[in-house]
Amino acid sequence: MNGARRGGRPPRRRAAVLGTGQTRHRSKRPDVSIAGLCREAVDRALADAGLAITDIDAVVVGKAPDLFEGVMMPELYLADALGAVGKPLLRVHTAGSVGGATGVMAASLVQAGVHRRVLAVAFEKQSESNAMWALSIAPPFSMPVLAGAGGYFAPHVRAYIRRSGAPPEVGAMVAVKDRRNGALNPFAHLRQPDITLESVQASPMLWDPVRFDETCPSSDGACAVVIGDQAAAEAVSGPVAWILATSMRTEPTMFSGKDHVNPRAGADAAAALWQSAGITQPVEQIDVAEIYVPFSWFEPMWLENLGFAAAGEGWKLTAAGETRIGGVLPVNPSGGVLCSNPIGASGLLRFAESAMQVMGKAGEHQVAGARTALGHAYGGGSQYFSMWVVSDRPD
Amino acid sequence: MTEPSDALRNGPSDSPREGPLSAPLEISFDYTRSLGPVLSQFMTALADRQILGSKSADGRVHVPPAEYDPVTFAPPEELVPVGPDGTVQTWSWQPAPRDGQPLNRPFAWALIRLDGADTGLLHAVDGGSPDAMRTGMRVRPRWAAQRSGSIRDIECFEPAQGPAAAADAADRATAVDQNGRVPIEMITTPIRLRYQHTASAEESRYLRGLAEGKIVGQRCPACGKVYVPPRGACPVDGVPTSTDVELPDTGTVTTFCVVNVPFQGQRVKVPYVAASVLLDGADIAFQHLVLGCDPGEVRMGMRVRAVWKPRDQWGTTAENIDHFEPTGEQDAPYESYAHHL
């Protein structure tokens, strides 16, 4: 590995995604426990990689905040289900970006030469709790105006619309694209092939300016990814997705000068990612992007934050149809978070879907000829960012 | 640190330093748990006064059943009845039972290895006194009169005297015969958390200011930015903010949303405007309500002023300001607040 090309960081070993697995995401999975839900994704990832659970050397698990399911430290009782008995089991927590951070952590354990094959698992059973309640608890002395994630992010969406001058229908265009993409994905929770701009615009306004159809669903689901070193990758009979670069950045939720529309932590993470992956023109060099878009307007916002478009210009890519499958940068061909949102797993799903694209395993939502892809997640009050670039080539 | 230069005209800074404010916070939620195929059988059997364990590949029997074999990681091939009698492996006396625990009189928490099992089940033993408890003692379940498919169908364990009653076995057979029972696939686990929420020293000063109708922020000595509520440290420079700044109760709506979604625990009636209000002289906005006009009339840049509750309702809370309302002034130019978005 060439340390200089990788931004002066110490040399790292090659790592690749050997297999991915996910559940069919639904509003409720009353037929399985949390352990069973995770195991469904794990078994699929192992089958995809052609491995047995005993081939795994370490397990990294990510989930949303404990209050979301009311289980303290579920990783303690998941060791049997995740095949982690007698192995290292780590838990990652970075709010909504946790799935992404889990993927990055698993990749790091391989890149650092600590383990040969690491299993990353992330999950959420939104049906067993109420995230809106959990995110709106008003502590003493405070003003009880909190209204879930939508209440938090809608004002920043409004600020983006004002700052960019984007036409009001751009948010609805994203929703139409993602829900129709979801209809191509057998694992998606919401599959709406017949959704239209008019029907989105006619849907109820939840947190003005964010409408019902522009909002992610509440899902039960899990995702698993097996990451291996070069020898492990070469031992796989099918295609693998080489991890060219990973990046994570953090900033406080609020500080004077925080840019809620275009957060610096996200921009810095992206700049470091592109540099590490040797990418100079992201919009041209990335074939497909799975970006964490829980509310439709975050597509143009993150296109700018990630450097796919100049500040204020992201919506033009969306409006021109360039983020559809077949466009210059297909975004969320899986349907993304707008179609499936098991919060703890949503980030890892973005990472897994990006790998599936370069492995050529995305089925009906496959982007033709995809060779290099971005997986992205964000969490908290736009304060945690995690991302990776995967490719069908090792460098 | 230097003494405050923007000194308060009067009030808390003149009084002896008071401790931080503290108040209880109680949150609760009835979480549900879907049990999955293995634990569903375990819970359903409890309703029929039967305890099941799982047999693992190495021949051990786990109670409660393991959803996945700890050795092979495969789902268990079969569940087997165990007990009902068992042996106390170890125990600890609970002299002062708490709300929600199995018994409301002193009891023992014990690990009980049921006959036929290889692992201990944690449950309560109604042992009477710690003197009556010992490792190795034989116990048997006392079943709840009303059973619903829950670990609480076992009210507790009690010292076993003589062989398990034949009547009990007959009773159990009858119960199993009523096999129209719908499998238990979901349980509800109410969780209640009681916190003591303590504000920081700086936030406490701000709250005590509010109790006197004042809004007190703090200025960072490095960047000069005014934070309200004060943080005690500047999140950008990482230095203590000790200079108090009293702010007016007028400001600008930088951005907002209209909340139309009702949800559990919501304390404000929908629809309402949740706005980021940048007080004049502050360098960070805070969230508050805007009322006094139609939600559709609220704009970015709208000038607003605080509407305080009647003075006799004031406490040390941000709720002393009931809401903000439009002042009727011309909107602030976008450039004046664009860097706060």
# chains A, B, ... in the order shown; residues from 1 in each chain; ligands from 1
call {"tool": "residues_around", "arguments": {"residues": "segment 356-361 of chain A", "least_positions_apart": "4", "cutoff": "8 Å", "atoms": "only C-alpha atoms", "output": "PyMOL selection string"}}
result
chain A and resi 20+239-241+288+352+366-367+370-373+390-392
call {"tool": "select_by_dssp", "arguments": {"residues": "segment 184-306 of chain A", "states": "strand (DSSP E or B)", "output": "MDAnalysis selection string"}}
result
chainID A and resid 205:208 210:211 215 220:229 241:250 288:290 295
call {"tool": "residues_around", "arguments": {"residues": "segment 40-49 of chain B", "least_positions_apart": "2", "cutoff": "7 Å", "atoms": "only C-alpha atoms", "output": "ChimeraX atom specification"}}
result
/B:35-38,51-52,147-151,153,172,175-176,183-185
call {"tool": "write_last_selection", "arguments": {"atoms": "C-alpha atoms", "output": "compact mmCIF listing (two decimals), in the first residue's frame"}}
result
# COMPACT_ATOMS: atom_id res chain seq x y z
CA LEU B 35 -40.43 -13.82 21.12
CA GLY B 36 -39.52 -15.79 18.04
CA PRO B 37 -40.14 -19.54 17.70
CA VAL B 38 -38.01 -20.76 20.65
CA ILE B 51 -41.04 -25.37 31.96
CA LEU B 52 -39.07 -26.09 28.81
CA ARG B 147 -51.28 -17.29 33.78
CA SER B 148 -50.70 -15.43 30.54
CA GLY B 149 -47.52 -16.90 29.05
CA SER B 150 -44.90 -14.95 30.96
CA ILE B 151 -42.02 -15.73 33.31
CA ASP B 153 -46.60 -17.31 35.51
CA ARG B 172 -50.96 -29.75 34.62
CA ALA B 175 -54.14 -27.62 31.48
CA VAL B 176 -52.14 -29.12 28.59
CA PRO B 183 -49.22 -19.54 21.12
CA ILE B 184 -47.71 -16.60 22.99
CA GLU B 185 -45.68 -14.72 20.37
call {"tool": "interface_residues", "arguments": {"of": "chain B", "to": "chain A", "cutoff": "7 Å", "atoms": "only C-alpha atoms", "output": "PyMOL selection string"}}
result
chain B and resi 23+25+31-37+68-70+73+197+235-236+255-261+263-265+267+274+283-284+288-289+316-319+339-341
call {"tool": "atom_distance", "arguments": {"atom1": "atom CA of Ser336 of chain B", "atom2": "atom CA of Gly224 of chain B"}}
result
17.4 Å
call {"tool": "residues_around", "arguments": {"residues": "Ala66 of chain B", "least_positions_apart": "5", "cutoff": "9 Å", "atoms": "only C-alpha atoms", "output": "ChimeraX atom specification"}}
result
/A:80 /B:38-39,53-56,75-76
call {"tool": "write_last_selection", "arguments": {"atoms": "N, CA and C atoms", "output": "short mmCIF file (atom, residue, chain, number, x, y, z; two decimals), in the first residue's frame"}}
result
data_model
loop_
_atom_site.label_atom_id
_atom_site.label_comp_id
_atom_site.auth_asym_id
_atom_site.auth_seq_id
_atom_site.Cartn_x
_atom_site.Cartn_y
_atom_site.Cartn_z
N ASP A 80 -24.75 -15.71 21.16
CA ASP A 80 -25.10 -17.01 20.56
C ASP A 80 -25.62 -16.82 19.13
N VAL B 38 -38.49 -20.01 19.48
CA VAL B 38 -38.01 -20.76 20.65
C VAL B 38 -38.62 -20.22 21.94
N LEU B 39 -38.48 -18.91 22.15
CA LEU B 39 -39.00 -18.34 23.40
C LEU B 39 -40.53 -18.34 23.41
N GLY B 53 -36.74 -26.50 28.42
CA GLY B 53 -35.35 -26.12 28.18
C GLY B 53 -34.95 -26.54 26.78
N SER B 54 -33.81 -26.04 26.33
CA SER B 54 -33.33 -26.42 25.00
C SER B 54 -32.13 -27.35 25.15
N LYS B 55 -32.08 -28.34 24.28
CA LYS B 55 -30.97 -29.29 24.33
C LYS B 55 -29.93 -28.83 23.32
N SER B 56 -28.70 -28.61 23.79
CA SER B 56 -27.67 -28.16 22.86
C SER B 56 -26.87 -29.35 22.35
N PRO B 75 -30.13 -23.10 15.63
CA PRO B 75 -31.33 -23.11 16.48
C PRO B 75 -31.45 -24.48 17.16
N PRO B 76 -32.02 -24.55 18.37
CA PRO B 76 -32.10 -25.83 19.06
C PRO B 76 -33.01 -26.80 18.31
#
call {"tool": "residues_around", "arguments": {"residues": "Ala160 of chain B", "least_positions_apart": "4", "cutoff": "6 Å", "atoms": "only C-alpha atoms", "output": "NGL selection string"}}
result
:B and (138-140)
call {"tool": "atom_distance", "arguments": {"atom1": "atom CA of Ala108 of chain B", "atom2": "atom CA of Gly83 of chain B"}}
result
19.2 Å
call {"tool": "residues_around", "arguments": {"residues": "Gly232 of chain B", "least_positions_apart": "3", "cutoff": "9 Å", "atoms": "only C-alpha atoms", "output": "PyMOL selection string"}}
result
chain B and resi 200-203+218+239-242
call {"tool": "write_last_selection", "arguments": {"atoms": "N, CA and C atoms", "output": "compact mmCIF listing (two decimals), in the first residue's frame"}}
result
# COMPACT_ATOMS: atom_id res chain seq x y z
N SER B 200 -26.39 22.06 34.71
CA SER B 200 -25.03 22.53 35.01
C SER B 200 -25.11 23.82 35.83
N ALA B 201 -23.99 24.21 36.41
CA ALA B 201 -23.95 25.46 37.19
C ALA B 201 -24.35 26.64 36.30
N GLU B 202 -23.86 26.65 35.07
CA GLU B 202 -24.15 27.78 34.17
C GLU B 202 -25.61 27.80 33.76
N GLU B 203 -26.13 26.61 33.44
CA GLU B 203 -27.54 26.54 33.05
C GLU B 203 -28.42 26.92 34.24
N GLN B 218 -23.84 33.65 28.03
CA GLN B 218 -22.43 33.82 28.38
C GLN B 218 -21.60 34.00 27.12
N VAL B 239 -12.90 26.59 25.88
CA VAL B 239 -12.50 27.34 27.08
C VAL B 239 -13.74 27.70 27.89
N PRO B 240 -13.58 27.89 29.21
CA PRO B 240 -14.75 28.24 30.02
C PRO B 240 -15.33 29.59 29.60
N THR B 241 -16.66 29.66 29.64
CA THR B 241 -17.34 30.93 29.37
C THR B 241 -17.85 31.44 30.69
N SER B 242 -17.25 32.50 31.20
CA SER B 242 -17.63 32.95 32.53
C SER B 242 -18.23 34.34 32.51
call {"tool": "atom_distance", "arguments": {"atom1": "atom CA of Trp274 of chain A", "atom2": "atom CA of Gly165 of chain A"}}
result
27.7 Å
call {"tool": "closest_residue", "arguments": {"among": "A:Asp66, A:Leu349, A:Ser199, A:Leu374", "to": "Pro282 of chain A", "atoms": "only C-alpha atoms"}}
result
A:Leu374
call {"tool": "decode", "arguments": {"residues": "segment 184-225 of chain A", "atoms": "C-alpha atoms", "output": "tab-separated table (two decimals), in the first residue's frame"}}
result
chain	number	residue	atom	x	y	z
A	184	LEU	CA	-37.32	-2.91	-7.82
A	185	ASN	CA	-35.87	-4.13	-4.51
A	186	PRO	CA	-37.49	-7.25	-3.04
A	187	PHE	CA	-36.10	-6.37	0.41
A	188	ALA	CA	-37.54	-2.84	0.54
A	189	HIS	CA	-40.24	-2.07	3.09
A	190	LEU	CA	-42.12	0.45	0.90
A	191	ARG	CA	-42.51	-0.56	-2.73
A	192	GLN	CA	-44.58	1.99	-4.63
A	193	PRO	CA	-44.20	1.63	-8.40
A	194	ASP	CA	-47.19	3.87	-9.06
A	195	ILE	CA	-46.24	6.85	-6.89
A	196	THR	CA	-46.36	10.21	-8.69
A	197	LEU	CA	-45.20	13.76	-8.10
A	198	GLU	CA	-48.84	14.73	-7.62
A	199	SER	CA	-49.53	12.02	-5.07
A	200	VAL	CA	-46.43	12.97	-3.05
A	201	GLN	CA	-47.42	16.62	-3.13
A	202	ALA	CA	-50.94	15.69	-2.04
A	203	SER	CA	-49.69	13.70	0.96
A	204	PRO	CA	-50.11	15.27	4.42
A	205	MET	CA	-47.63	17.86	5.62
A	206	LEU	CA	-46.05	16.33	8.75
A	207	TRP	CA	-43.40	18.86	9.68
A	208	ASP	CA	-43.84	21.66	7.16
A	209	PRO	CA	-41.92	21.68	4.75
A	210	VAL	CA	-41.59	17.87	5.01
A	211	ARG	CA	-44.50	15.78	3.75
A	212	PHE	CA	-45.57	12.25	4.69
A	213	ASP	CA	-44.38	10.75	1.40
A	214	GLU	CA	-41.03	12.53	1.78
A	215	THR	CA	-40.41	10.81	5.11
A	216	CYS	CA	-38.75	7.48	5.88
A	217	PRO	CA	-40.95	4.69	7.26
A	218	SER	CA	-40.49	2.92	10.61
A	219	SER	CA	-39.11	-0.52	9.85
A	220	ASP	CA	-38.02	-3.75	11.43
A	221	GLY	CA	-34.91	-5.06	9.77
A	222	ALA	CA	-31.28	-6.09	9.96
A	223	CYS	CA	-28.25	-6.09	7.75
A	224	ALA	CA	-24.99	-8.04	7.86
A	225	VAL	CA	-21.75	-7.72	5.95
